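Working notes, beginning with the structure itself.
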Amino acid sequence: ANLFSLFRLNWLPLAMLIATTYAMAYGVVEVSAGETAETIGDSSAFLFATLTEIILNGIVLSVVAVHVHRIILFNDRKPDIYFAFPFGRTEVLYVAMGVLTYLALALLIGVIAYLYYIAIQAAPQGAALLIAAMVEAAAPAAPLVNPWHIALGVIVFIVGYVLAVWLMLRLTVWPPAVVANNRLSLGEALGLSKGRVLELLGLMIASTLAYLAVLLLFGLTVGVIAAKSETGAEGWIEAFSVDLFTKVRHALESKPVNPNAILFEFFYFLSATAYTVAILSFAFKALKGFDVDNAIDKQPSLEDNDPALHMPMGAL
């Protein structure tokens, strides 16, 4: 029911993002004169363009996400607006929330990696070296490997992956909480997800499988069109080559811009962002005990929430 509104409110920022990445690709080629397809990926111009693309992605997708959140949370469709690219307080908070999430994840991974480094420096060597000697005897050509390090690496990876997934699930409803309250609202997000991690995991798995089915159908359609309009399998592959390096390589080879690739990139940005944000917004409504079909500011129980859900960040 909101497809037209989603397109109407988000076509401009997404179109500007895609156009900017193509402009940067051609700019990299102009600045990196003399570079080849094999070396241009290491050039300073390409690295700067990559960093710029990451920042622009964060800004533009935050604008798109806030639009989607507000449609679902407040039924705010902004009728008669066809050129929208706002970036106010809510969008700034949303970007800050994303940055803090990535920093928390990076810190977690860094601590785990550091503990692994400490562990392998002090790892017991006796039994491990004995097993390694047996492996070496069975396969003399193979390099000596410490099985303890391998086993420890596998354990650290599993533990780190589980902790990272747990952290992301605990923060699942942080994005809609930011938009709903127009503040960071970390305490509310953690309060809502407390004791619901397995339910949220099931929701993420089910919703991802459903989206992949739609994406596969769209991808097959674009691929068939591309394969027929261009050069068989090559056209199929190029239709999905939307990363910055591929755009730079095409510019370097003076290839024309592929309209199928633009179509796929636009659809992917809009559908993936809107669908993911919709799942999070409806999960937020459900965890709050709201009627998911009505705007949250129209809920009769809005003022009757548990005060513990609104505790300040410093109380956690």
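Going by the structure tokens order, chains are called A, B, ..., each with residues numbered from 1, while ligands are numbered from 1 in the order shown.
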Exercise for the section: Based on DSSP run over this structure's backbone, return all residues of region 80-122 of chain A in alpha helix (DSSP H), as a VMD selection string. Expected result: chain A and resid 89 to 121
For region 67-113 of chain A versus region 289-297 of chain A, which residues have an atom no more than 10 Å away, and what is each residue's nearest atom pair and distance in Å rounded to one decimal, using only C-alpha atoms, chain-then-number order, as a tab-separated table?
```
residue	atom	partner	partner_atom	distance
A:Arg70	CA	A:Ala295	CA	9.1
A:Ile71	CA	A:Ala295	CA	8.7
A:Ile72	CA	A:Ala295	CA	7.1
A:Leu73	CA	A:Ala295	CA	5.3
A:Phe74	CA	A:Ala295	CA	4.5
A:Asn75	CA	A:Ala295	CA	5.7
A:Asp76	CA	A:Ala295	CA	8.8
```
Keeping N, CA, C and O atoms for every residue in the selection just given, could you write it to a file as a tab-separated table (two decimals), in the first residue's frame?
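Produced file out-v9.tsv, reproduced below:
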```tsv
chain	number	residue	atom	x	y	z
A	70	ARG	N	9.06	6.69	9.42
A	70	ARG	CA	7.98	7.63	9.71
A	70	ARG	C	6.67	7.21	9.03
A	70	ARG	O	5.58	7.46	9.57
A	71	ILE	N	6.77	6.59	7.87
A	71	ILE	CA	5.55	6.08	7.24
A	71	ILE	C	4.90	5.01	8.11
A	71	ILE	O	3.69	5.00	8.33
A	72	ILE	N	5.72	4.09	8.64
A	72	ILE	CA	5.18	2.98	9.40
A	72	ILE	C	4.84	3.37	10.84
A	72	ILE	O	3.81	2.96	11.38
A	73	LEU	N	5.68	4.19	11.44
A	73	LEU	CA	5.46	4.55	12.84
A	73	LEU	C	4.39	5.63	13.00
A	73	LEU	O	3.58	5.57	13.94
A	74	PHE	N	4.38	6.62	12.10
A	74	PHE	CA	3.48	7.76	12.26
A	74	PHE	C	2.49	7.93	11.10
A	74	PHE	O	1.75	8.91	11.08
A	75	ASN	N	2.53	7.01	10.13
A	75	ASN	CA	1.69	7.13	8.94
A	75	ASN	C	1.95	8.46	8.23
A	75	ASN	O	1.05	9.09	7.68
A	76	ASP	N	3.21	8.88	8.25
A	76	ASP	CA	3.62	10.18	7.70
A	76	ASP	C	4.07	10.00	6.25
A	76	ASP	O	5.24	9.78	5.96
```
Exercise for the section: Using only C-alpha atoms, determine which residues lie at most 10 Å from region 178-185 of chain A, disregarding the query and same-chain residues fewer than 4 positions distant; provide the list as a ChimeraX atom specification. Expected result: /A:65-67,69-70,73-74,89-94,96-97,173-174,189-190,281,284,296-297,309-313
Those residues you just picked out, can you put them in a file as a compact mmCIF listing (two decimals), in the first residue's frame with N, CA, C and O atoms?
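selection-v7.txt written:
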```txt
# COMPACT_ATOMS: atom_id res chain seq x y z
N ALA A 65 15.86 5.64 5.21
CA ALA A 65 15.38 4.86 6.35
C ALA A 65 14.43 5.66 7.22
O ALA A 65 13.38 5.15 7.66
N VAL A 66 14.76 6.92 7.49
CA VAL A 66 13.89 7.77 8.33
C VAL A 66 12.53 7.96 7.65
O VAL A 66 11.48 7.93 8.31
N HIS A 67 12.51 8.14 6.32
CA HIS A 67 11.24 8.23 5.61
C HIS A 67 10.40 6.99 5.84
O HIS A 67 9.19 7.07 6.12
N HIS A 69 10.67 4.67 8.25
CA HIS A 69 10.27 4.59 9.66
C HIS A 69 9.05 5.47 9.92
O HIS A 69 8.10 5.04 10.59
N ARG A 70 9.06 6.69 9.42
CA ARG A 70 7.98 7.63 9.71
C ARG A 70 6.67 7.21 9.03
O ARG A 70 5.58 7.46 9.57
N LEU A 73 5.68 4.19 11.44
CA LEU A 73 5.46 4.55 12.84
C LEU A 73 4.39 5.63 13.00
O LEU A 73 3.58 5.57 13.94
N PHE A 74 4.38 6.62 12.10
CA PHE A 74 3.48 7.76 12.26
C PHE A 74 2.49 7.93 11.10
O PHE A 74 1.75 8.91 11.08
N ARG A 89 17.46 16.99 12.47
CA ARG A 89 17.86 16.39 13.74
C ARG A 89 17.71 14.87 13.73
O ARG A 89 18.62 14.15 14.16
N THR A 90 16.57 14.38 13.24
CA THR A 90 16.34 12.94 13.26
C THR A 90 17.36 12.20 12.41
O THR A 90 17.90 11.17 12.81
N GLU A 91 17.65 12.75 11.24
CA GLU A 91 18.63 12.10 10.36
C GLU A 91 20.03 12.12 10.98
O GLU A 91 20.78 11.14 10.87
N VAL A 92 20.38 13.22 11.64
CA VAL A 92 21.69 13.30 12.31
C VAL A 92 21.78 12.26 13.43
O VAL A 92 22.78 11.56 13.57
N LEU A 93 20.71 12.14 14.22
CA LEU A 93 20.67 11.13 15.29
C LEU A 93 20.76 9.73 14.70
O LEU A 93 21.41 8.84 15.27
N TYR A 94 20.12 9.53 13.57
CA TYR A 94 20.13 8.21 12.93
C TYR A 94 21.54 7.84 12.47
O TYR A 94 21.99 6.70 12.65
N ALA A 96 24.29 9.06 13.77
CA ALA A 96 25.06 8.84 14.99
C ALA A 96 24.80 7.46 15.56
O ALA A 96 25.72 6.77 16.02
N MET A 97 23.53 7.02 15.52
CA MET A 97 23.19 5.68 15.98
C MET A 97 23.92 4.62 15.17
O MET A 97 24.48 3.66 15.72
N VAL A 173 15.89 -2.95 17.56
CA VAL A 173 14.87 -1.90 17.50
C VAL A 173 15.42 -0.53 17.89
O VAL A 173 14.64 0.40 18.16
N TRP A 174 16.73 -0.39 17.92
CA TRP A 174 17.30 0.93 18.19
C TRP A 174 16.97 1.93 17.08
O TRP A 174 16.57 3.07 17.36
N ALA A 189 15.59 0.85 23.60
CA ALA A 189 15.85 -0.24 22.65
C ALA A 189 16.34 -1.50 23.37
O ALA A 189 15.88 -2.61 23.09
N LEU A 190 17.26 -1.33 24.31
CA LEU A 190 17.77 -2.49 25.05
C LEU A 190 16.68 -3.08 25.95
O LEU A 190 16.62 -4.30 26.13
N SER A 281 10.62 -1.54 12.18
CA SER A 281 9.57 -0.67 12.68
C SER A 281 8.39 -1.47 13.23
O SER A 281 7.85 -1.15 14.30
N PHE A 284 9.36 -3.02 16.49
CA PHE A 284 9.30 -2.01 17.56
C PHE A 284 7.86 -1.85 18.06
O PHE A 284 7.60 -1.83 19.26
N ILE A 296 1.88 5.21 16.02
CA ILE A 296 2.20 5.09 17.44
C ILE A 296 1.73 6.30 18.24
O ILE A 296 1.49 6.19 19.44
N ASP A 297 1.58 7.46 17.59
CA ASP A 297 1.10 8.62 18.34
C ASP A 297 -0.42 8.61 18.49
O ASP A 297 -0.99 9.51 19.11
N LEU A 309 11.56 1.27 30.49
CA LEU A 309 11.96 1.25 29.10
C LEU A 309 12.55 2.58 28.65
O LEU A 309 13.15 2.68 27.60
N HIS A 310 12.32 3.63 29.43
CA HIS A 310 12.81 4.96 29.07
C HIS A 310 13.95 5.42 29.96
O HIS A 310 14.21 6.60 30.07
N MET A 311 14.62 4.47 30.59
CA MET A 311 15.70 4.85 31.49
C MET A 311 16.84 5.47 30.68
O MET A 311 17.06 5.10 29.53
N PRO A 312 17.55 6.44 31.25
CA PRO A 312 18.64 7.09 30.52
C PRO A 312 19.77 6.12 30.25
O PRO A 312 19.94 5.11 30.91
N MET A 313 20.59 6.45 29.24
CA MET A 313 21.69 5.58 28.84
C MET A 313 22.64 5.32 30.00
O MET A 313 23.16 4.23 30.14
```
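The spacing separating CA of Leu169 (chain A) from CA of Val197 (chain A) amounts to 6.0 Å.
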Handout entry: Residues within 8 Å of region 263-265 of chain A, only C-alpha atoms, excluding chain neighbours under 4 positions, as an NGL selection string
Key = :A and (18 or 219 or 222 or 239-240 or 242 or 259 or 269)
Sorted by chain and rising residue number, list the residues of region 205-275 of chain A at most 12 Å from region 38-49 of chain A (counting only C-alpha atoms), each with its closest atom pair and distance in Å to one decimal, as a tab-separated table.
```
residue	atom	partner	partner_atom	distance
A:Asp243	CA	A:Ala49	CA	11.8
A:Leu244	CA	A:Ala49	CA	8.4
A:Phe245	CA	A:Gly41	CA	6.9
A:Thr246	CA	A:Gly41	CA	9.9
A:Lys247	CA	A:Phe46	CA	11.1
A:Val248	CA	A:Ile40	CA	8.4
A:Arg249	CA	A:Ile40	CA	8.4
A:His250	CA	A:Ile40	CA	12.0
A:Ala251	CA	A:Ile40	CA	11.5
A:Leu252	CA	A:Ile40	CA	9.2
```
Residues just named, written with N, CA and C atoms as a PDB file, in the first residue's frame:
```pdb
ATOM      1  N   ASP A 243      29.356  -2.209  -7.814  1.00  0.00           N
ATOM      2  CA  ASP A 243      30.316  -1.689  -6.848  1.00  0.00           C
ATOM      3  C   ASP A 243      31.174  -0.610  -7.507  1.00  0.00           C
ATOM      4  N   LEU A 244      31.808   0.201  -6.686  1.00  0.00           N
ATOM      5  CA  LEU A 244      32.577   1.341  -7.188  1.00  0.00           C
ATOM      6  C   LEU A 244      33.734   0.897  -8.064  1.00  0.00           C
ATOM      7  N   PHE A 245      34.419  -0.188  -7.694  1.00  0.00           N
ATOM      8  CA  PHE A 245      35.570  -0.630  -8.484  1.00  0.00           C
ATOM      9  C   PHE A 245      35.144  -1.023  -9.892  1.00  0.00           C
ATOM     10  N   THR A 246      33.997  -1.710 -10.012  1.00  0.00           N
ATOM     11  CA  THR A 246      33.512  -2.092 -11.340  1.00  0.00           C
ATOM     12  C   THR A 246      33.183  -0.856 -12.167  1.00  0.00           C
ATOM     13  N   LYS A 247      32.592   0.150 -11.530  1.00  0.00           N
ATOM     14  CA  LYS A 247      32.285   1.393 -12.239  1.00  0.00           C
ATOM     15  C   LYS A 247      33.571   2.082 -12.708  1.00  0.00           C
ATOM     16  N   VAL A 248      34.598   2.070 -11.854  1.00  0.00           N
ATOM     17  CA  VAL A 248      35.886   2.651 -12.233  1.00  0.00           C
ATOM     18  C   VAL A 248      36.498   1.884 -13.401  1.00  0.00           C
ATOM     19  N   ARG A 249      36.417   0.556 -13.325  1.00  0.00           N
ATOM     20  CA  ARG A 249      36.979  -0.273 -14.410  1.00  0.00           C
ATOM     21  C   ARG A 249      36.253  -0.019 -15.724  1.00  0.00           C
ATOM     22  N   HIS A 250      34.941   0.106 -15.682  1.00  0.00           N
ATOM     23  CA  HIS A 250      34.182   0.402 -16.901  1.00  0.00           C
ATOM     24  C   HIS A 250      34.557   1.767 -17.455  1.00  0.00           C
ATOM     25  N   ALA A 251      34.729   2.750 -16.564  1.00  0.00           N
ATOM     26  CA  ALA A 251      35.135   4.075 -17.022  1.00  0.00           C
ATOM     27  C   ALA A 251      36.525   4.024 -17.645  1.00  0.00           C
ATOM     28  N   LEU A 252      37.406   3.225 -17.052  1.00  0.00           N
ATOM     29  CA  LEU A 252      38.772   3.087 -17.570  1.00  0.00           C
ATOM     30  C   LEU A 252      38.760   2.452 -18.953  1.00  0.00           C
TER      31      LEU A 252
END
```
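CA of Lys298 (chain A) sits 18.6 Å away from CA of Ala278 (chain A).
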Problem - Surrounding residues of region 11-17 of chain A excluding itself and chain neighbours under 6 positions, 9 Å, only C-alpha atoms, as a ChimeraX atom specification - result: /A:53,56-57,60-61,63-64,82-85,266,269-270
Exercise for the section: List the neighbours of Ala164 (chain A) out to 9 Å using only C-alpha atoms; skip same-chain residues closer than 6 positions along the sequence, and give me the result as a VMD selection string. Expected result: chain A and resid 105 108 to 109
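The two atoms in question, CA of Pro176 (chain A) and CA of Ser5 (chain A), are spaced 18.7 Å apart.
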